[in-house]
Amino acid sequence: MIAVVLLACRREPSSTDDAPAPTTADTGTPGDTFREPPIAEDLDPDPSVVHVRLRAAPLAYEVDGTTIEGFAFEGSVPGPTIEAELGQVLVADIVNDLPHPTTVHWHGLHVPAAMDGAGMPMPTIEPGGTFTATFELTQAGTFWYHPHLDTAHQVDLGLYGAVVVRDPAEPAVDRELVLVLDAFGEEAAAEHDPHLVDPTSSRWAVNGVVAPRLSLPAGTRVRARLINASNAGMVALRDQRVIAHDQGLLPTVVVGDLLLAPGDRAEVEWDVGDPFDVIRLPWAVAGGEAWGEPSPLLTVETDGGTAPPALAWPTREESPTPDPGRTDLRFLLSGSPELGWEMNGETFPDVTMPMVGLGEEVVIEVRNVSPADHPFHLHGHAFEVLSVDGEPPASRTIEDTVDVPVRSVVRLLLLADNPGFWMTHCHVLPHAEGGMMTMIEVR
């Protein structure tokens with residue numbers, strides 16, 4: 001058994017009693033104009049470095065007419081988007097002006113263990129404290145940041161933002177958009193309900209606005225970067241041209257419906273001609289299509305015209321790796337809302353931590369015997385999906401978060417190339433907070 005050790009980072013003099021009162025921001029009501037999160041200011045003129053500040057503080061903000069006494073990074077929900085290029089070094093000064101300890105986890109990015117914001121050791125940022133995270137950006141794609149302490153509560157109240165890492169060699173588009181998606185219950189109170197396990201009927205906000213309207217000229221090619229930052233909601237979108245998933249561009253473009261579990265990301269191409277709606281399909285974390293009618297997540301307004309031809313994204317002939325047939329690590333996902341949630345019959349933090357050697361190829365089997373889907377997320381690494389219920393994907397698929405449907409078995413291939421202690425957990429945050437989380441040591 002292990003227990004997590006929390007190490008304090010450096011502190012600046014302050015008192016919890018001196019925490020600032022919430023400020024107020026209006027993030028929008030239904031039908032408002034689409035708005036993107038602000039861009040994080042780069043504080044360093046060195047072209048090889050992106051240096052940003054992320055100040056976490058209370059914020060009262062409004063979504064769909066409901067005021068939420070929440071939290072925010074830099075006074076914005078979502079927080080500022082961090083923009084960088086492949087190979088740059090990211091320096092992030094994280095300032096905690098909350099009345100609670102916090103951390104920042106860099107979801108999907110391969111960072112040193114001491115920078116991960118989770119695991120063992122985990123440098124917690126006490127109220128009034130500051131921690132500086134520094135690491136090289138070695139992957140291109142769409143990632144995000146959020147706390148990993150009291151996670152379901154702090155993320156639910158608004159502490160999240162996007163990280164966009166561009167590869168200059170990739171094709172250019174006319175417009176890039178960041179869409180951070182979050183769910184709000186129909187009976188929303190002053191704060192989300194972190195125990196809301198399946199918000200099937202929730203209102204979905206795009207960058208804090210429910211059903212926003214976006215005006216674009218016909219002929220525009222758009223690269224839209226989508227992040228499901230909700231605690232527990234599944235996002236199913238109809239008929240999308242998907243160019244990337246968690247770990248960057250796909251080997252080939254996939255056209256069809258798109259499912260994003262909590263923590264998932266995807267990038268889609270919109271070739272704008274006539275007006276259209278981005279349609280969300282009802283979907284439940286308790287196992288697939290749900291009751292209800294499809295509804296617009298976002299409306300794209302144009303003056304009408306001819307859509308441009310689809311962009312020729314680079315393609316790669318990459319077949320899935322054949323399953324070696326062995327199982328090196330097995331994770332059994334079990335439990336229920338009434339009984340709690342477990343991994344391998346254990347509840348975090350009282351868990352048995354497996355160890356794998358640095359550089360080993362590890363075959364992981366994730367078996368879900370519970371009545372809910374579980375997005376399986378591993379920190380500090382990516383993995384290849386070998387199969388879902390015995391069926392390999394159409395092409396090689398690299399992810400850091402993969403949905404494991406009810407009563408399904410997912411097999412993964414991990415190259416353990418990042419030393420340290422790493423969290424692995426369900427990214428339905430009430431499930432993780434309820435115990436469905438463990439750790440792997442790579443040494």
# chains A, B, ... in the order shown; residues from 1 in each chain; ligands from 1

call {"tool": "residues_around", "arguments": {"residues": "segment 69-79 of chain A", "least_positions_apart": "6", "cutoff": "10 Å", "atoms": "only C-alpha atoms", "output": "JSON, numbers by chain"}}
result
{"A": [22, 23, 24, 25, 26, 27, 36, 37, 38, 39, 40, 53, 54, 55, 56, 57, 58, 59, 60, 61, 62, 94, 95, 96, 97, 98, 144, 145, 146, 153, 154, 155, 156, 157, 158, 159, 160, 161, 162, 179, 180, 181, 182, 189, 190, 191, 192, 206, 207, 208, 229]}

call {"tool": "write_last_selection", "arguments": {"atoms": "N, CA and C atoms", "output": "short mmCIF file (atom, residue, chain, number, x, y, z; two decimals), in the first residue's frame"}}
result
data_model
loop_
_atom_site.label_atom_id
_atom_site.label_comp_id
_atom_site.auth_asym_id
_atom_site.auth_seq_id
_atom_site.Cartn_x
_atom_site.Cartn_y
_atom_site.Cartn_z
N PRO A 22 -14.39 37.33 -4.09
CA PRO A 22 -14.59 37.07 -5.50
C PRO A 22 -14.87 38.35 -6.29
N THR A 23 -14.23 38.47 -7.44
CA THR A 23 -14.62 39.50 -8.38
C THR A 23 -15.67 38.90 -9.31
N THR A 24 -16.25 39.72 -10.17
CA THR A 24 -17.38 39.27 -10.99
C THR A 24 -17.08 39.45 -12.46
N ALA A 25 -17.45 38.45 -13.24
CA ALA A 25 -17.33 38.53 -14.69
C ALA A 25 -18.58 37.95 -15.32
N ASP A 26 -18.99 38.51 -16.45
CA ASP A 26 -20.14 38.01 -17.20
C ASP A 26 -19.62 37.21 -18.38
N THR A 27 -19.82 35.88 -18.35
CA THR A 27 -19.31 35.06 -19.44
C THR A 27 -20.35 34.75 -20.50
N GLU A 36 -13.55 33.61 -27.60
CA GLU A 36 -12.44 32.74 -27.28
C GLU A 36 -11.82 33.16 -25.96
N PRO A 37 -11.18 32.23 -25.26
CA PRO A 37 -10.45 32.62 -24.05
C PRO A 37 -9.34 33.60 -24.40
N PRO A 38 -8.93 34.45 -23.46
CA PRO A 38 -7.80 35.34 -23.72
C PRO A 38 -6.53 34.52 -23.94
N ILE A 39 -5.55 35.14 -24.60
CA ILE A 39 -4.25 34.51 -24.81
C ILE A 39 -3.33 34.91 -23.66
N ALA A 40 -2.66 33.93 -23.08
CA ALA A 40 -1.73 34.23 -21.99
C ALA A 40 -0.58 35.08 -22.50
N ARG A 53 2.03 33.81 -16.56
CA ARG A 53 1.55 33.80 -15.18
C ARG A 53 0.14 33.24 -15.15
N LEU A 54 -0.12 32.34 -14.19
CA LEU A 54 -1.46 31.81 -13.96
C LEU A 54 -1.82 32.07 -12.50
N ARG A 55 -2.64 33.08 -12.27
CA ARG A 55 -3.09 33.41 -10.91
C ARG A 55 -4.47 32.82 -10.70
N ALA A 56 -4.57 31.92 -9.72
CA ALA A 56 -5.85 31.32 -9.36
C ALA A 56 -6.47 32.11 -8.23
N ALA A 57 -7.73 32.53 -8.42
CA ALA A 57 -8.39 33.36 -7.42
C ALA A 57 -9.90 33.16 -7.52
N PRO A 58 -10.65 33.51 -6.46
CA PRO A 58 -12.11 33.45 -6.54
C PRO A 58 -12.65 34.38 -7.63
N LEU A 59 -13.73 33.94 -8.27
CA LEU A 59 -14.39 34.76 -9.29
C LEU A 59 -15.86 34.40 -9.34
N ALA A 60 -16.72 35.38 -9.24
CA ALA A 60 -18.16 35.17 -9.48
C ALA A 60 -18.42 35.44 -10.95
N TYR A 61 -18.93 34.43 -11.65
CA TYR A 61 -19.20 34.60 -13.08
C TYR A 61 -20.57 34.02 -13.42
N GLU A 62 -21.07 34.43 -14.56
CA GLU A 62 -22.43 34.07 -14.94
C GLU A 62 -22.42 33.20 -16.19
N ILE A 94 2.74 29.99 -11.18
CA ILE A 94 1.40 29.69 -10.69
C ILE A 94 1.24 30.34 -9.33
N VAL A 95 0.32 31.30 -9.23
CA VAL A 95 0.10 32.07 -8.02
C VAL A 95 -1.23 31.64 -7.41
N ASN A 96 -1.21 31.26 -6.16
CA ASN A 96 -2.43 30.78 -5.51
C ASN A 96 -3.01 31.86 -4.60
N ASP A 97 -4.04 32.54 -5.10
CA ASP A 97 -4.80 33.48 -4.29
C ASP A 97 -6.16 32.89 -3.90
N LEU A 98 -6.24 31.58 -3.86
CA LEU A 98 -7.44 30.89 -3.37
C LEU A 98 -7.35 30.72 -1.86
N TRP A 144 -4.38 20.70 -22.05
CA TRP A 144 -5.03 21.63 -21.12
C TRP A 144 -4.42 21.52 -19.74
N TYR A 145 -4.69 22.53 -18.94
CA TYR A 145 -4.18 22.56 -17.58
C TYR A 145 -5.34 22.68 -16.60
N HIS A 146 -5.17 22.07 -15.43
CA HIS A 146 -6.19 22.12 -14.38
C HIS A 146 -5.58 21.65 -13.07
N HIS A 153 -13.83 19.42 -7.30
CA HIS A 153 -14.37 20.70 -6.83
C HIS A 153 -13.72 21.87 -7.56
N GLN A 154 -12.38 21.89 -7.63
CA GLN A 154 -11.70 23.06 -8.18
C GLN A 154 -11.89 23.17 -9.69
N VAL A 155 -11.84 22.06 -10.40
CA VAL A 155 -12.10 22.11 -11.84
C VAL A 155 -13.54 22.52 -12.09
N ASP A 156 -14.45 21.96 -11.31
CA ASP A 156 -15.86 22.24 -11.49
C ASP A 156 -16.18 23.72 -11.33
N LEU A 157 -15.42 24.41 -10.49
CA LEU A 157 -15.69 25.82 -10.24
C LEU A 157 -15.02 26.75 -11.25
N GLY A 158 -14.23 26.18 -12.20
CA GLY A 158 -13.73 27.02 -13.29
C GLY A 158 -12.24 27.05 -13.50
N LEU A 159 -11.46 26.25 -12.78
CA LEU A 159 -10.01 26.29 -12.92
C LEU A 159 -9.56 25.35 -14.04
N TYR A 160 -9.52 25.86 -15.24
CA TYR A 160 -9.02 25.09 -16.39
C TYR A 160 -8.73 26.04 -17.54
N GLY A 161 -7.84 25.59 -18.43
CA GLY A 161 -7.52 26.38 -19.61
C GLY A 161 -6.77 25.53 -20.62
N ALA A 162 -6.62 26.04 -21.83
CA ALA A 162 -6.04 25.29 -22.94
C ALA A 162 -4.55 25.58 -23.09
N LEU A 179 -12.11 25.77 -28.33
CA LEU A 179 -13.44 25.57 -27.77
C LEU A 179 -13.31 24.68 -26.53
N VAL A 180 -13.41 25.29 -25.36
CA VAL A 180 -13.38 24.55 -24.10
C VAL A 180 -14.82 24.31 -23.67
N LEU A 181 -15.18 23.04 -23.54
CA LEU A 181 -16.57 22.64 -23.32
C LEU A 181 -16.77 22.25 -21.87
N ASP A 182 -17.86 22.74 -21.26
CA ASP A 182 -18.18 22.39 -19.88
C ASP A 182 -19.69 22.27 -19.75
N ALA A 189 -27.08 25.65 -9.29
CA ALA A 189 -27.10 26.54 -8.13
C ALA A 189 -25.89 27.46 -8.22
N ALA A 190 -25.47 27.98 -7.09
CA ALA A 190 -24.35 28.92 -7.11
C ALA A 190 -23.05 28.25 -7.52
N GLU A 191 -22.94 26.95 -7.35
CA GLU A 191 -21.79 26.22 -7.85
C GLU A 191 -22.29 24.96 -8.53
N HIS A 192 -21.46 24.41 -9.45
CA HIS A 192 -21.82 23.13 -10.04
C HIS A 192 -21.95 22.11 -8.91
N VAL A 206 -19.76 26.66 -24.36
CA VAL A 206 -18.55 26.74 -25.17
C VAL A 206 -17.81 28.00 -24.75
N ASN A 207 -16.68 27.84 -24.10
CA ASN A 207 -15.94 28.99 -23.54
C ASN A 207 -16.83 29.86 -22.65
N GLY A 208 -17.70 29.20 -21.89
CA GLY A 208 -18.54 29.90 -20.93
C GLY A 208 -19.86 30.42 -21.48
N ALA A 229 -13.72 19.75 -20.82
CA ALA A 229 -13.24 20.07 -19.48
C ALA A 229 -14.29 19.79 -18.41
#

call {"tool": "residues_around", "arguments": {"residues": "Arg407 of chain A", "least_positions_apart": "6", "cutoff": "9 Å", "atoms": "only C-alpha atoms", "output": "ChimeraX atom specification"}}
result
/A:367-373

call {"tool": "atom_distance", "arguments": {"atom1": "atom CA of Pro47 of chain A", "atom2": "atom CA of Glu399 of chain A"}}
result
29.3 Å

call {"tool": "residues_around", "arguments": {"residues": "His377 of chain A", "least_positions_apart": "5", "cutoff": "12 Å", "atoms": "only C-alpha atoms", "output": "ChimeraX atom specification"}}
result
/A:107-109,246,261-264,331,366,382-383,399-404,412,422-429,432,436-439

call {"tool": "write_last_selection", "arguments": {"atoms": "C-alpha atoms", "output": "PDB file, in the first residue's frame"}}
result
ATOM      1  CA  HIS A 107      -2.965  17.168 -19.022  1.00  0.00           C
ATOM      2  CA  GLY A 108      -1.497  15.236 -21.958  1.00  0.00           C
ATOM      3  CA  LEU A 109       1.947  16.859 -21.867  1.00  0.00           C
ATOM      4  CA  ASP A 246      -5.171  13.762 -27.831  1.00  0.00           C
ATOM      5  CA  ALA A 261     -15.138  11.823 -22.800  1.00  0.00           C
ATOM      6  CA  PRO A 262     -14.065  14.078 -19.904  1.00  0.00           C
ATOM      7  CA  GLY A 263     -10.405  15.010 -20.419  1.00  0.00           C
ATOM      8  CA  ASP A 264     -10.482  14.168 -24.137  1.00  0.00           C
ATOM      9  CA  PHE A 331      -6.609  -2.526 -14.132  1.00  0.00           C
ATOM     10  CA  VAL A 366      -8.229  -2.145 -18.659  1.00  0.00           C
ATOM     11  CA  ALA A 382       0.886   8.464 -24.095  1.00  0.00           C
ATOM     12  CA  PHE A 383      -0.130   4.945 -25.100  1.00  0.00           C
ATOM     13  CA  GLU A 399      -3.879   8.725 -26.834  1.00  0.00           C
ATOM     14  CA  ASP A 400      -3.414   9.792 -23.229  1.00  0.00           C
ATOM     15  CA  THR A 401      -7.132   9.504 -22.355  1.00  0.00           C
ATOM     16  CA  VAL A 402      -9.273   6.675 -23.723  1.00  0.00           C
ATOM     17  CA  ASP A 403     -12.892   5.900 -22.882  1.00  0.00           C
ATOM     18  CA  VAL A 404     -13.515   2.399 -21.543  1.00  0.00           C
ATOM     19  CA  LEU A 412      -3.039  -0.553 -24.516  1.00  0.00           C
ATOM     20  CA  TRP A 422       2.557   8.715 -12.218  1.00  0.00           C
ATOM     21  CA  MET A 423      -1.148   8.939 -11.526  1.00  0.00           C
ATOM     22  CA  THR A 424      -3.548   6.859 -13.581  1.00  0.00           C
ATOM     23  CA  HIS A 425      -7.255   7.310 -13.028  1.00  0.00           C
ATOM     24  CA  CYS A 426     -10.738   7.661 -14.427  1.00  0.00           C
ATOM     25  CA  HIS A 427     -11.227  11.220 -15.705  1.00  0.00           C
ATOM     26  CA  VAL A 428     -14.864  11.341 -14.650  1.00  0.00           C
ATOM     27  CA  LEU A 429     -13.683  13.415 -11.722  1.00  0.00           C
ATOM     28  CA  ALA A 432     -11.465   9.632  -9.363  1.00  0.00           C
ATOM     29  CA  MET A 436     -10.853   5.161  -8.898  1.00  0.00           C
ATOM     30  CA  MET A 437      -7.225   6.222  -9.086  1.00  0.00           C
ATOM     31  CA  THR A 438      -3.850   4.572  -8.578  1.00  0.00           C
ATOM     32  CA  MET A 439      -0.185   5.137  -9.440  1.00  0.00           C
TER      33      MET A 439
END

call {"tool": "atom_distance", "arguments": {"atom1": "atom CA of Ala172 of chain A", "atom2": "atom CA of Pro251 of chain A"}}
result
17.6 Å

call {"tool": "residues_around", "arguments": {"residues": "segment 318-324 of chain A", "least_positions_apart": "6", "cutoff": "9 Å", "atoms": "only C-alpha atoms", "output": "list of chain:residue names"}}
result
A:Pro251, A:Val363, A:Glu384, A:Val385, A:Leu386, A:Ser387, A:Pro392, A:Pro393, A:Ala394, A:Ser395, A:Arg396, A:Thr397, A:Arg411, A:Leu412, A:Leu413
